[in-house]
Amino acid sequence: MAKIAINIATGSLQQEEMIVGIDLGTTNSLVAIIHPESRKPVALQEHNSSLPAGQAGSLVPSVVHFSDNGSVLVGEEAKKFLVDDPARTIFSAKRLMGKTYNDVKNNTTSLAYKIIDDENRLVKVQVGDQFYSPVDLSSLILKELKKQAEHILKTPVSKAVITVPAYFNDAQRQATRDAGKLAGLDVLRIINEPTAASLAYGFGLHKDENKTIAVYDLGGGTFDISILHISNGIFEVLSTNGDTYLGGDDLDNALVDHWIEVLGLTGSAQEKTHRQMLRLKAEEAKKQLSTQDAYESAYEGMQLSVTRSVFESRIGPILERTITSCSQALKDAGLAKADIQEVVMVGGSTRVPLVKKRVSEFFGKPVNDTVNPDEVVALGAAIQADILAGNTKDVLLLDVTPLSLGLETMGGLMDVLLPRNSKIPTKAARQYTTYKDGQSGMKIAVYQGERDMVKDNRRLAEFNLTGIPAMPAGLPKVEVSFLINADGILVVKAKELRSGIEQSIEVKPQYGLTDEDVEKMLLDSMTHAKEDMEVRALTEAKTEAEQLLQTTEKFIQKNFKSLTPQELQETSLAMQALQLSLDMNDKNLVQAKTEELNQVSRPYAERLMDEAIQQTMKGNKIDQL
Ligand code: ADP
Ligand code: MG
């Protein structure tokens, strides 16, 4: 077994710094801080907000618009373009975080913008001739939040705690961290949304507290339920359930359906246009019905009305789906309803009275709904930020890693396994694979630091995992795990899972870092964030392109006879163009040429695949039972 023992320095955070809490939501995002005088968490909002009453001025819609002339709008300004210029207006980018095209392809019909259909690659959005990753898009939202916060607070904001759904995996959390960094933020910690919401209600802040909490979060387009257990200030997620395509939008649609029916517009030529226009009215009505019994308005010379009870009968089935998820989450956690001590309401859609009623009926107890449900997650993030800043003395803060720890991957990129500020003790593991056919060894190089290229970080150790049995590229599964024990000693192990081979090496402890070293490394990463991310994006695009060139080359050699002369020529041209683009150091160009080669090869690759399948079907006789 490969084993490295490294003594890494652990650092504590600077005192009394302004650290903000950010809720980076699918529909809306916002920033909160602990008010310096009242010591209470508050959401930041622009004064003289021009928003209609009832709509919190603290919310920034998570929408990005790229105008023709190259300018970028974020928030309310961008939201206006959802109807007028949908192809250049990106919403719900959070759903794409850390996902491949295969993960999301069944849910792209509702999207008016273009997603590159490249199977197993990470999702990219194309606007004109530019390509954006979900990280790029989220960073634009975070940049806007940072700008607004700086404007309101009249001080630079560079440190943040950002929340993510409890079900986010490692890749999605890392993507969120990257987005923060790209926006010029030092992301001190990524915390779970339900944990933040619980903190905002004061749960988990006291020693010896032992509680089981259900957090019900119904937002704009997503629903999730998390069951948490808190003991001695440590939050453990026992189970999560939900639906990333269920939320307030569905309540709006239910109302649109109702109006289309009663106005006799079903099946009319303009049904689609009516639906589009009625959606805004529906959201307005839904919000009004949260506090009033009826809604009335005019629409195209017609009377538009609905009562709360009609609305409730329409949305009942949607809410039942959320209740089914609650049941399942309880079951997965191995708990009964009676084991839940607190039920916390999160998300704008929990303002709907029927939602609270149903959830409270289900759990058999009143729900916690006194904190603004749009803001509760950000408020909790601000509390966590304050704890990290060392301002809340009575809360125990566990030791943390001062700098990120990771491995070198293709192209000299730093792949972080343990982000900085991970609580100690901690462990993380990730699987890697080979790049070349028959590759028998793999270099495991461990680095510490915040920069995207390993050459800019500190190398802690290196060893070779050898003796991987010959397999095609991509097939071996090498699991590398990092474990930091309570003393701050890092142990790295590598194992090829298919063959079971392990390698063993011991490295003498290295010197720890001084506070100044850590400070300098952090500062460097902030100053170089933009260029680092650009180099990373370019390196990733080039690695992808090189892999595509290799597989296409192999494919052509193998299937030469089955392709038409035109297909061969087009492929050869597209390959040349892609090869040339590799030297130009332009990420968008490499991606565009990669996409072009994909476009050329996809049809015949699919055709040959179908033929191959038919061939096998013919040859394979299946025994009848
Ligand atoms: P997310 O966490 O997904 O970003 P939010 O928590 O901000 O979303 O919730 C947004 C949803 O809340 C929208 O569908 C919006 O229409 C709905 N919403 C906001 N205010 C109200 C209200 N007063 N009554 C009912 N729904 C509301
Ligand atoms: Mg939310």
# chains A, B, ... in the order shown; residues from 1 in each chain; ligands from 1
$ residues_near_ligand --ligand "ligand 2" --cutoff "8 Å" --atoms "only C-alpha atoms and all ligand atoms" --output "PyMOL selection string"
chain A and resi 23-29+193+217-220+346-348+374+377
$ residues_around --residues "Val590 in chain A" --least-positions-apart "2" --cutoff "8 Å" --atoms "only C-alpha atoms" --output "mmCIF file with C-alpha atoms, in the first residue's frame"
data_model
loop_
_atom_site.group_PDB
_atom_site.id
_atom_site.type_symbol
_atom_site.label_atom_id
_atom_site.label_comp_id
_atom_site.auth_asym_id
_atom_site.auth_seq_id
_atom_site.Cartn_x
_atom_site.Cartn_y
_atom_site.Cartn_z
ATOM 1 C CA ALA A 541 -10.003 21.945 -23.494
ATOM 2 C CA LYS A 542 -6.690 20.836 -25.012
ATOM 3 C CA ALA A 545 -9.264 17.754 -27.848
ATOM 4 C CA LEU A 578 -8.513 20.864 -34.385
ATOM 5 C CA SER A 581 -6.124 25.081 -32.985
ATOM 6 C CA LEU A 582 -4.124 23.331 -30.256
ATOM 7 C CA ASP A 586 -7.512 30.019 -27.447
ATOM 8 C CA LYS A 587 -9.915 27.945 -25.360
ATOM 9 C CA ASN A 588 -13.013 28.939 -27.323
ATOM 10 C CA ALA A 592 -15.357 25.169 -31.288
ATOM 11 C CA LYS A 593 -13.070 22.897 -33.355
ATOM 12 C CA THR A 594 -13.700 19.996 -30.955
#
$ select_by_dssp --residues "range 353-511 of chain A" --states "alpha helix (DSSP H)" --output "list in words"
Pro353, Leu354, Val355, Lys356, Lys357, Arg358, Val359, Ser360, Glu361, Phe362, Phe363, Val376, Val377, Ala378, Leu379, Gly380, Ala381, Ala382, Ile383, Gln384, Ala385, Asp386, Ile387 and Leu388 of chain A
$ residues_around --residues "Ala175 in chain A" --least-positions-apart "6" --cutoff "9 Å" --atoms "only C-alpha atoms" --output "list of chain:residue names"
A:Met97, A:Gly98, A:Pro134, A:Val135
$ write_last_selection --atoms "C-alpha atoms" --output "PDB file, in the first residue's frame"
ATOM      1  CA  MET A  97     -22.818  22.252 -11.929  1.00  0.00           C
ATOM      2  CA  GLY A  98     -20.488  19.261 -12.114  1.00  0.00           C
ATOM      3  CA  PRO A 134     -21.463  26.269 -15.244  1.00  0.00           C
ATOM      4  CA  VAL A 135     -18.471  27.442 -13.181  1.00  0.00           C
TER       5      VAL A 135
END
$ residues_around --residues "Val256 in chain A" --least-positions-apart "6" --cutoff "7 Å" --atoms "only C-alpha atoms" --output "short mmCIF file (atom, residue, chain, number, x, y, z; two decimals) with all heavy atoms, in the first residue's frame"
data_model
loop_
_atom_site.label_atom_id
_atom_site.label_comp_id
_atom_site.auth_asym_id
_atom_site.auth_seq_id
_atom_site.Cartn_x
_atom_site.Cartn_y
_atom_site.Cartn_z
N ARG A 275 -49.77 30.90 -22.73
CA ARG A 275 -49.11 30.28 -21.57
C ARG A 275 -47.92 31.11 -21.12
O ARG A 275 -47.74 31.38 -19.93
CB ARG A 275 -48.63 28.86 -21.92
CG ARG A 275 -49.73 27.86 -21.95
CD ARG A 275 -49.23 26.44 -22.16
NE ARG A 275 -50.36 25.54 -22.00
CZ ARG A 275 -50.77 25.06 -20.84
NH1 ARG A 275 -50.11 25.35 -19.74
NH2 ARG A 275 -51.84 24.31 -20.76
N LEU A 278 -49.15 34.26 -19.51
CA LEU A 278 -49.89 34.04 -18.25
C LEU A 278 -48.97 33.62 -17.10
O LEU A 278 -49.33 33.72 -15.94
CB LEU A 278 -50.97 32.97 -18.46
CG LEU A 278 -52.24 33.47 -19.16
CD1 LEU A 278 -53.15 32.29 -19.52
CD2 LEU A 278 -53.00 34.47 -18.30
N ARG A 279 -47.76 33.15 -17.46
CA ARG A 279 -46.86 32.67 -16.42
C ARG A 279 -46.51 33.77 -15.41
O ARG A 279 -46.49 33.54 -14.20
CB ARG A 279 -45.59 32.10 -17.06
CG ARG A 279 -44.94 31.07 -16.18
CD ARG A 279 -44.05 30.14 -16.96
NE ARG A 279 -44.81 29.20 -17.76
CZ ARG A 279 -44.32 28.57 -18.82
NH1 ARG A 279 -43.09 28.81 -19.21
NH2 ARG A 279 -45.05 27.70 -19.48
N ALA A 282 -49.37 34.40 -13.24
CA ALA A 282 -49.55 33.28 -12.31
C ALA A 282 -48.63 33.44 -11.10
O ALA A 282 -49.06 33.22 -9.96
CB ALA A 282 -49.28 31.96 -13.01
#
$ residues_around --residues "Glu450 in chain A" --least-positions-apart "3" --cutoff "9 Å" --atoms "only C-alpha atoms" --output "mmCIF file with N, CA and C atoms, in the first residue's frame"
data_model
loop_
_atom_site.group_PDB
_atom_site.id
_atom_site.type_symbol
_atom_site.label_atom_id
_atom_site.label_comp_id
_atom_site.auth_asym_id
_atom_site.auth_seq_id
_atom_site.Cartn_x
_atom_site.Cartn_y
_atom_site.Cartn_z
ATOM 1 N N LEU A 403 -4.299 25.005 3.838
ATOM 2 C CA LEU A 403 -4.218 25.096 2.379
ATOM 3 C C LEU A 403 -4.800 23.818 1.787
ATOM 4 N N SER A 404 -5.235 23.923 0.536
ATOM 5 C CA SER A 404 -5.821 22.754 -0.113
ATOM 6 C C SER A 404 -4.762 21.696 -0.406
ATOM 7 N N LEU A 405 -5.184 20.442 -0.411
ATOM 8 C CA LEU A 405 -4.281 19.338 -0.734
ATOM 9 C C LEU A 405 -4.844 18.611 -1.944
ATOM 10 N N MET A 414 -3.849 20.978 -10.931
ATOM 11 C CA MET A 414 -4.005 20.601 -9.531
ATOM 12 C C MET A 414 -5.439 20.125 -9.334
ATOM 13 N N VAL A 416 -7.915 19.160 -6.515
ATOM 14 C CA VAL A 416 -7.998 19.254 -5.059
ATOM 15 C C VAL A 416 -8.854 18.127 -4.467
ATOM 16 N N PRO A 419 -10.144 20.426 0.201
ATOM 17 C CA PRO A 419 -10.063 21.881 0.096
ATOM 18 C C PRO A 419 -9.552 22.501 1.396
ATOM 19 N N ARG A 420 -8.997 23.683 1.277
ATOM 20 C CA ARG A 420 -8.483 24.326 2.477
ATOM 21 C C ARG A 420 -9.647 24.581 3.438
ATOM 22 N N MET A 453 -2.395 25.364 -11.299
ATOM 23 C CA MET A 453 -1.350 24.557 -11.909
ATOM 24 C C MET A 453 -0.426 24.097 -10.779
ATOM 25 N N ASP A 456 2.762 25.944 -9.558
ATOM 26 C CA ASP A 456 2.707 27.116 -8.688
ATOM 27 C C ASP A 456 2.446 26.747 -7.225
ATOM 28 N N ASN A 457 2.245 25.464 -6.967
ATOM 29 C CA ASN A 457 1.985 25.034 -5.592
ATOM 30 C C ASN A 457 3.217 24.357 -4.997
ATOM 31 N N MET A 521 0.742 32.270 0.055
ATOM 32 C CA MET A 521 0.193 31.342 -0.925
ATOM 33 C C MET A 521 -1.264 31.670 -1.238
ATOM 34 N N LEU A 522 -1.977 32.101 -0.212
ATOM 35 C CA LEU A 522 -3.379 32.473 -0.422
ATOM 36 C C LEU A 522 -3.484 33.711 -1.285
ATOM 37 N N ASP A 524 -1.337 34.895 -3.386
ATOM 38 C CA ASP A 524 -0.967 34.566 -4.761
ATOM 39 C C ASP A 524 -2.143 33.972 -5.510
ATOM 40 N N SER A 525 -2.875 33.081 -4.843
ATOM 41 C CA SER A 525 -3.953 32.397 -5.551
ATOM 42 C C SER A 525 -5.057 33.379 -5.899
ATOM 43 N N MET A 526 -5.266 34.374 -5.022
ATOM 44 C CA MET A 526 -6.303 35.358 -5.310
ATOM 45 C C MET A 526 -5.868 36.251 -6.466
#
$ residues_around --residues "Gly247 in chain A" --least-positions-apart "4" --cutoff "9 Å" --atoms "only C-alpha atoms" --output "ChimeraX atom specification"
/A:218-223,243,251,318,349
$ write_last_selection --atoms "all heavy atoms" --output "PDB file, in the first residue's frame"
ATOM      1  N   LEU A 218     -38.386  24.190  -0.507  1.00  0.00           N
ATOM      2  CA  LEU A 218     -39.083  24.271  -1.796  1.00  0.00           C
ATOM      3  C   LEU A 218     -38.765  25.628  -2.422  1.00  0.00           C
ATOM      4  O   LEU A 218     -39.228  26.663  -1.963  1.00  0.00           O
ATOM      5  CB  LEU A 218     -40.592  24.088  -1.593  1.00  0.00           C
ATOM      6  CG  LEU A 218     -41.449  23.880  -2.843  1.00  0.00           C
ATOM      7  CD1 LEU A 218     -41.036  22.654  -3.649  1.00  0.00           C
ATOM      8  CD2 LEU A 218     -42.932  23.775  -2.490  1.00  0.00           C
ATOM      9  N   GLY A 219     -37.919  25.610  -3.445  1.00  0.00           N
ATOM     10  CA  GLY A 219     -37.458  26.854  -4.080  1.00  0.00           C
ATOM     11  C   GLY A 219     -38.229  27.132  -5.361  1.00  0.00           C
ATOM     12  O   GLY A 219     -39.400  26.791  -5.487  1.00  0.00           O
ATOM     13  N   GLY A 220     -37.524  27.730  -6.345  1.00  0.00           N
ATOM     14  CA  GLY A 220     -38.168  28.102  -7.594  1.00  0.00           C
ATOM     15  C   GLY A 220     -38.326  26.904  -8.523  1.00  0.00           C
ATOM     16  O   GLY A 220     -39.355  26.740  -9.173  1.00  0.00           O
ATOM     17  N   GLY A 221     -37.282  26.075  -8.601  1.00  0.00           N
ATOM     18  CA  GLY A 221     -37.350  24.954  -9.536  1.00  0.00           C
ATOM     19  C   GLY A 221     -36.845  23.671  -8.932  1.00  0.00           C
ATOM     20  O   GLY A 221     -36.712  22.663  -9.620  1.00  0.00           O
ATOM     21  N   THR A 222     -36.536  23.692  -7.645  1.00  0.00           N
ATOM     22  CA  THR A 222     -36.002  22.490  -7.020  1.00  0.00           C
ATOM     23  C   THR A 222     -36.649  22.261  -5.670  1.00  0.00           C
ATOM     24  O   THR A 222     -37.062  23.194  -4.992  1.00  0.00           O
ATOM     25  CB  THR A 222     -34.481  22.603  -6.778  1.00  0.00           C
ATOM     26  OG1 THR A 222     -34.238  23.727  -5.950  1.00  0.00           O
ATOM     27  CG2 THR A 222     -33.715  22.745  -8.060  1.00  0.00           C
ATOM     28  N   PHE A 223     -36.715  20.996  -5.299  1.00  0.00           N
ATOM     29  CA  PHE A 223     -37.215  20.655  -3.977  1.00  0.00           C
ATOM     30  C   PHE A 223     -36.239  19.707  -3.322  1.00  0.00           C
ATOM     31  O   PHE A 223     -35.773  18.757  -3.953  1.00  0.00           O
ATOM     32  CB  PHE A 223     -38.589  19.961  -4.066  1.00  0.00           C
ATOM     33  CG  PHE A 223     -38.946  19.286  -2.763  1.00  0.00           C
ATOM     34  CD1 PHE A 223     -39.191  20.053  -1.631  1.00  0.00           C
ATOM     35  CD2 PHE A 223     -38.985  17.904  -2.655  1.00  0.00           C
ATOM     36  CE1 PHE A 223     -39.467  19.447  -0.413  1.00  0.00           C
ATOM     37  CE2 PHE A 223     -39.264  17.293  -1.447  1.00  0.00           C
ATOM     38  CZ  PHE A 223     -39.501  18.069  -0.319  1.00  0.00           C
ATOM     39  N   ASP A 243     -36.314  16.477  -5.663  1.00  0.00           N
ATOM     40  CA  ASP A 243     -36.502  16.475  -7.102  1.00  0.00           C
ATOM     41  C   ASP A 243     -35.935  17.796  -7.618  1.00  0.00           C
ATOM     42  O   ASP A 243     -36.378  18.861  -7.195  1.00  0.00           O
ATOM     43  CB  ASP A 243     -38.005  16.379  -7.405  1.00  0.00           C
ATOM     44  CG  ASP A 243     -38.288  16.184  -8.885  1.00  0.00           C
ATOM     45  OD1 ASP A 243     -37.418  16.541  -9.704  1.00  0.00           O
ATOM     46  OD2 ASP A 243     -39.380  15.693  -9.213  1.00  0.00           O
ATOM     47  N   LEU A 251     -45.901  25.360  -9.460  1.00  0.00           N
ATOM     48  CA  LEU A 251     -47.116  25.952  -8.888  1.00  0.00           C
ATOM     49  C   LEU A 251     -47.663  26.987  -9.870  1.00  0.00           C
ATOM     50  O   LEU A 251     -48.871  27.072 -10.107  1.00  0.00           O
ATOM     51  CB  LEU A 251     -46.822  26.590  -7.530  1.00  0.00           C
ATOM     52  CG  LEU A 251     -46.127  25.700  -6.482  1.00  0.00           C
ATOM     53  CD1 LEU A 251     -46.021  26.416  -5.148  1.00  0.00           C
ATOM     54  CD2 LEU A 251     -46.889  24.382  -6.304  1.00  0.00           C
ATOM     55  N   ILE A 318     -49.011  18.295  -6.604  1.00  0.00           N
ATOM     56  CA  ILE A 318     -47.576  18.634  -6.636  1.00  0.00           C
ATOM     57  C   ILE A 318     -47.002  18.526  -5.221  1.00  0.00           C
ATOM     58  O   ILE A 318     -45.920  17.959  -5.012  1.00  0.00           O
ATOM     59  CB  ILE A 318     -47.370  20.073  -7.178  1.00  0.00           C
ATOM     60  CG1 ILE A 318     -47.913  20.158  -8.606  1.00  0.00           C
ATOM     61  CG2 ILE A 318     -45.908  20.485  -7.117  1.00  0.00           C
ATOM     62  CD1 ILE A 318     -47.994  21.567  -9.156  1.00  0.00           C
ATOM     63  N   SER A 349     -41.061  29.220  -1.903  1.00  0.00           N
ATOM     64  CA  SER A 349     -42.347  28.558  -2.117  1.00  0.00           C
ATOM     65  C   SER A 349     -42.982  28.052  -0.826  1.00  0.00           C
ATOM     66  O   SER A 349     -44.152  27.671  -0.828  1.00  0.00           O
ATOM     67  CB  SER A 349     -42.189  27.401  -3.102  1.00  0.00           C
ATOM     68  OG  SER A 349     -41.700  27.904  -4.321  1.00  0.00           O
TER      69      SER A 349
END
$ closest_residue --among "A:Leu265, A:Ile424, A:Met410, A:Val31" --to "Asn485 in chain A" --atoms "only C-alpha atoms"
A:Ile424
$ closest_residue --among "A:Met18, A:Ala87, A:Leu497, A:Ile141" --to "Leu30 in chain A" --atoms "only C-alpha atoms"
A:Ile141
